[in-house]
Amino acid sequence: MDPHRRLSVGEVAVRAADHLLSSARASIAARGVFTVAVSGGSLPAQLVAGVRTEGPDALKAAEPEKWIVLFADERVVPLDHEDSNYRLVKESMKFVPEENIVAINPGLDVDKCAEDYESKVTKALSRSGDRFDAVYLGLGPDGHTASLFPGHALLSETEHMVAPISDSPKPPPERITLTLPVINKARAVAFVCTGDAKADPIKDIFENANSTLPGAMVMPDSGELDWFIDAPAASAMKSRI
Ligand code: 6PG
């Protein structure tokens, strides 16, 4: 198959799921656990659709009972709220035991919530060499990823793995997010981007060497970076990737 052929949304889901399941197998073989961060938006549903296509044997071989699922970003809302990424992941990624999905404590104020989640991230990552095995990200039409928004001061955060944000330009305003250093330290980072609303930021990220979009600042230090992009999301690019 032409590796540069532009993909359908279904093909993106299968390739992303294949990345997820093979990262899980490799991490569990090496360290007995798979620490993975996921974003909200359409990402969980896409991973689930791809996993379904891969089939039950592929999922079983990836031992989801050994995964620890954390959040690339989370809205500080009750866990059963319609905006909760925890709720989204729990209800879609049903193959992960509920107790392996690490939720925020939404009863805390946003600063304390970030502090508390950082301690949960630290504890989880202590089982996987102090870095995420994999981080799966979406991209907003404005080029944001996780809850790192264009021009926001959090893009320069270097001290914390998890930071609070109380002025998110996209509602709800109060969130916590992984910061760039912890994302860039991961063994693998993958973006999953579909739809023409992503065409302009993707063009900027891939074709503007001086792009300042948050998505362009994701550049793993020593890990792998993959982009899974469907045809509409790739449509503004001149180059073929
Ligand atoms: C948010 C979203 C966001 C999402 C991107 C891509 O809280 O703002 O979770 O970060 O990942 O906007 O969204 P889609 O995958 O739905 O296009």
# chains A, B, ... in the order shown; residues from 1 in each chain; ligands from 1

$ residues_near_ligand --ligand "ligand 1" --cutoff "10 Å" --atoms "only C-alpha atoms and all ligand atoms" --output "ChimeraX atom specification"
/A:38-46,71-75,83-85,136-149,168-173,175-177,191-198

$ write_last_selection --atoms "C-alpha atoms" --output "PDB file, in the first residue's frame"
ATOM      1  CA  VAL A  38      -5.492  10.189  26.383  1.00  0.00           C
ATOM      2  CA  SER A  39      -7.217  13.413  25.388  1.00  0.00           C
ATOM      3  CA  GLY A  40     -10.927  14.003  25.194  1.00  0.00           C
ATOM      4  CA  GLY A  41     -12.793  15.113  22.083  1.00  0.00           C
ATOM      5  CA  SER A  42     -13.254  12.488  19.389  1.00  0.00           C
ATOM      6  CA  LEU A  43     -10.078  10.604  20.277  1.00  0.00           C
ATOM      7  CA  PRO A  44     -11.420   7.918  22.649  1.00  0.00           C
ATOM      8  CA  ALA A  45     -14.199   6.990  20.209  1.00  0.00           C
ATOM      9  CA  GLN A  46     -11.696   6.744  17.356  1.00  0.00           C
ATOM     10  CA  PHE A  71      -5.677  12.126  31.086  1.00  0.00           C
ATOM     11  CA  ALA A  72      -3.717  14.420  28.803  1.00  0.00           C
ATOM     12  CA  ASP A  73      -6.176  17.030  30.004  1.00  0.00           C
ATOM     13  CA  GLU A  74      -9.337  17.062  32.034  1.00  0.00           C
ATOM     14  CA  ARG A  75     -12.093  19.512  32.744  1.00  0.00           C
ATOM     15  CA  ASP A  83     -17.938  17.584  29.921  1.00  0.00           C
ATOM     16  CA  SER A  84     -15.887  15.062  31.932  1.00  0.00           C
ATOM     17  CA  ASN A  85     -13.174  13.288  29.971  1.00  0.00           C
ATOM     18  CA  TYR A 136      -2.549  10.237  22.485  1.00  0.00           C
ATOM     19  CA  LEU A 137      -3.521  13.777  21.563  1.00  0.00           C
ATOM     20  CA  GLY A 138      -6.121  15.564  19.488  1.00  0.00           C
ATOM     21  CA  LEU A 139      -5.692  18.930  17.799  1.00  0.00           C
ATOM     22  CA  GLY A 140      -8.177  21.782  18.000  1.00  0.00           C
ATOM     23  CA  PRO A 141      -8.998  24.011  15.005  1.00  0.00           C
ATOM     24  CA  ASP A 142      -6.935  26.723  16.761  1.00  0.00           C
ATOM     25  CA  GLY A 143      -3.933  24.372  17.017  1.00  0.00           C
ATOM     26  CA  HIS A 144      -4.374  23.633  20.728  1.00  0.00           C
ATOM     27  CA  THR A 145      -3.564  20.230  22.092  1.00  0.00           C
ATOM     28  CA  ALA A 146      -4.361  18.802  25.517  1.00  0.00           C
ATOM     29  CA  SER A 147      -5.392  22.090  27.254  1.00  0.00           C
ATOM     30  CA  LEU A 148      -2.359  23.958  25.918  1.00  0.00           C
ATOM     31  CA  PHE A 149      -3.755  26.886  23.953  1.00  0.00           C
ATOM     32  CA  SER A 168      -9.351  28.140  28.963  1.00  0.00           C
ATOM     33  CA  PRO A 169     -10.576  29.904  25.816  1.00  0.00           C
ATOM     34  CA  LYS A 170     -12.623  26.794  25.099  1.00  0.00           C
ATOM     35  CA  PRO A 171     -15.244  26.043  27.757  1.00  0.00           C
ATOM     36  CA  PRO A 172     -15.288  24.858  30.421  1.00  0.00           C
ATOM     37  CA  PRO A 173     -12.672  27.379  31.632  1.00  0.00           C
ATOM     38  CA  ARG A 175      -9.090  22.432  33.510  1.00  0.00           C
ATOM     39  CA  ILE A 176      -5.902  20.605  34.294  1.00  0.00           C
ATOM     40  CA  THR A 177      -3.433  19.622  31.602  1.00  0.00           C
ATOM     41  CA  PHE A 191      -1.873  12.757  17.264  1.00  0.00           C
ATOM     42  CA  VAL A 192      -5.166  11.597  15.855  1.00  0.00           C
ATOM     43  CA  CYS A 193      -6.708  14.284  13.639  1.00  0.00           C
ATOM     44  CA  THR A 194      -9.719  13.993  11.405  1.00  0.00           C
ATOM     45  CA  GLY A 195     -11.953  16.452   9.606  1.00  0.00           C
ATOM     46  CA  ASP A 196     -11.402  19.637   7.625  1.00  0.00           C
ATOM     47  CA  ALA A 197     -11.461  21.868  10.729  1.00  0.00           C
ATOM     48  CA  LYS A 198      -7.905  20.581  11.331  1.00  0.00           C
TER      49      LYS A 198
END

$ residues_around --residues "range 92-108 of chain A" --least-positions-apart "4" --cutoff "6 Å" --atoms "only C-alpha atoms" --output "VMD selection string"
chain A and resid 64 68 to 70 76 to 78 112 to 113 117

$ select_by_dssp --residues "range 79-181 of chain A" --states "helix (DSSP H, G or I)" --output "ChimeraX atom specification"
/A:85-92,98-100,110-125,153-156,180-181

$ residues_around --residues "Arg187 in chain A" --least-positions-apart "2" --cutoff "9 Å" --atoms "only C-alpha atoms" --output "compact mmCIF listing (two decimals) with N, CA, C and O atoms, in the first residue's frame"
# COMPACT_ATOMS: atom_id res chain seq x y z
N ARG A 131 8.25 7.96 32.86
CA ARG A 131 7.77 8.60 31.64
C ARG A 131 6.56 7.83 31.14
O ARG A 131 6.41 6.64 31.43
N PHE A 132 5.69 8.52 30.43
CA PHE A 132 4.54 7.84 29.84
C PHE A 132 5.04 6.88 28.76
O PHE A 132 5.94 7.23 27.97
N ASP A 133 4.40 5.70 28.70
CA ASP A 133 4.69 4.83 27.56
C ASP A 133 4.11 5.44 26.29
O ASP A 133 4.73 5.37 25.23
N ALA A 134 2.93 6.03 26.39
CA ALA A 134 2.32 6.63 25.20
C ALA A 134 1.35 7.74 25.60
O ALA A 134 0.71 7.67 26.66
N VAL A 135 1.29 8.76 24.75
CA VAL A 135 0.36 9.87 24.94
C VAL A 135 -0.39 10.06 23.63
O VAL A 135 0.23 10.19 22.56
N ASN A 184 6.59 15.63 26.11
CA ASN A 184 7.76 15.41 25.24
C ASN A 184 8.73 14.36 25.79
O ASN A 184 9.62 13.91 25.08
N LYS A 185 8.54 13.99 27.06
CA LYS A 185 9.39 12.95 27.64
C LYS A 185 8.85 11.54 27.35
O LYS A 185 9.51 10.54 27.61
N VAL A 189 4.39 9.54 21.32
CA VAL A 189 3.29 10.51 21.28
C VAL A 189 2.62 10.36 19.92
O VAL A 189 3.31 10.24 18.89
N PRO A 220 8.84 15.05 20.87
CA PRO A 220 9.43 14.19 21.90
C PRO A 220 10.95 14.26 21.92
O PRO A 220 11.59 14.30 20.87
N ASP A 221 11.51 14.28 23.16
CA ASP A 221 12.96 14.39 23.33
C ASP A 221 13.65 13.18 22.70
O ASP A 221 14.59 13.31 21.94
N SER A 222 13.19 11.98 23.11
CA SER A 222 13.82 10.79 22.54
C SER A 222 12.78 9.78 22.09
O SER A 222 13.12 8.75 21.53
N GLY A 223 11.51 10.07 22.34
CA GLY A 223 10.45 9.13 21.96
C GLY A 223 10.03 9.32 20.50
O GLY A 223 10.56 10.17 19.79
N GLU A 224 9.04 8.50 20.12
CA GLU A 224 8.56 8.58 18.73
C GLU A 224 7.36 9.52 18.64
O GLU A 224 6.58 9.62 19.58
N LEU A 225 7.24 10.16 17.50
CA LEU A 225 6.07 11.01 17.25
C LEU A 225 5.37 10.52 15.99
O LEU A 225 6.01 10.34 14.94

$ atom_distance --atom1 "CA of Ile28 in chain A" --atom2 "CA of Ser128 in chain A"
9.5 Å
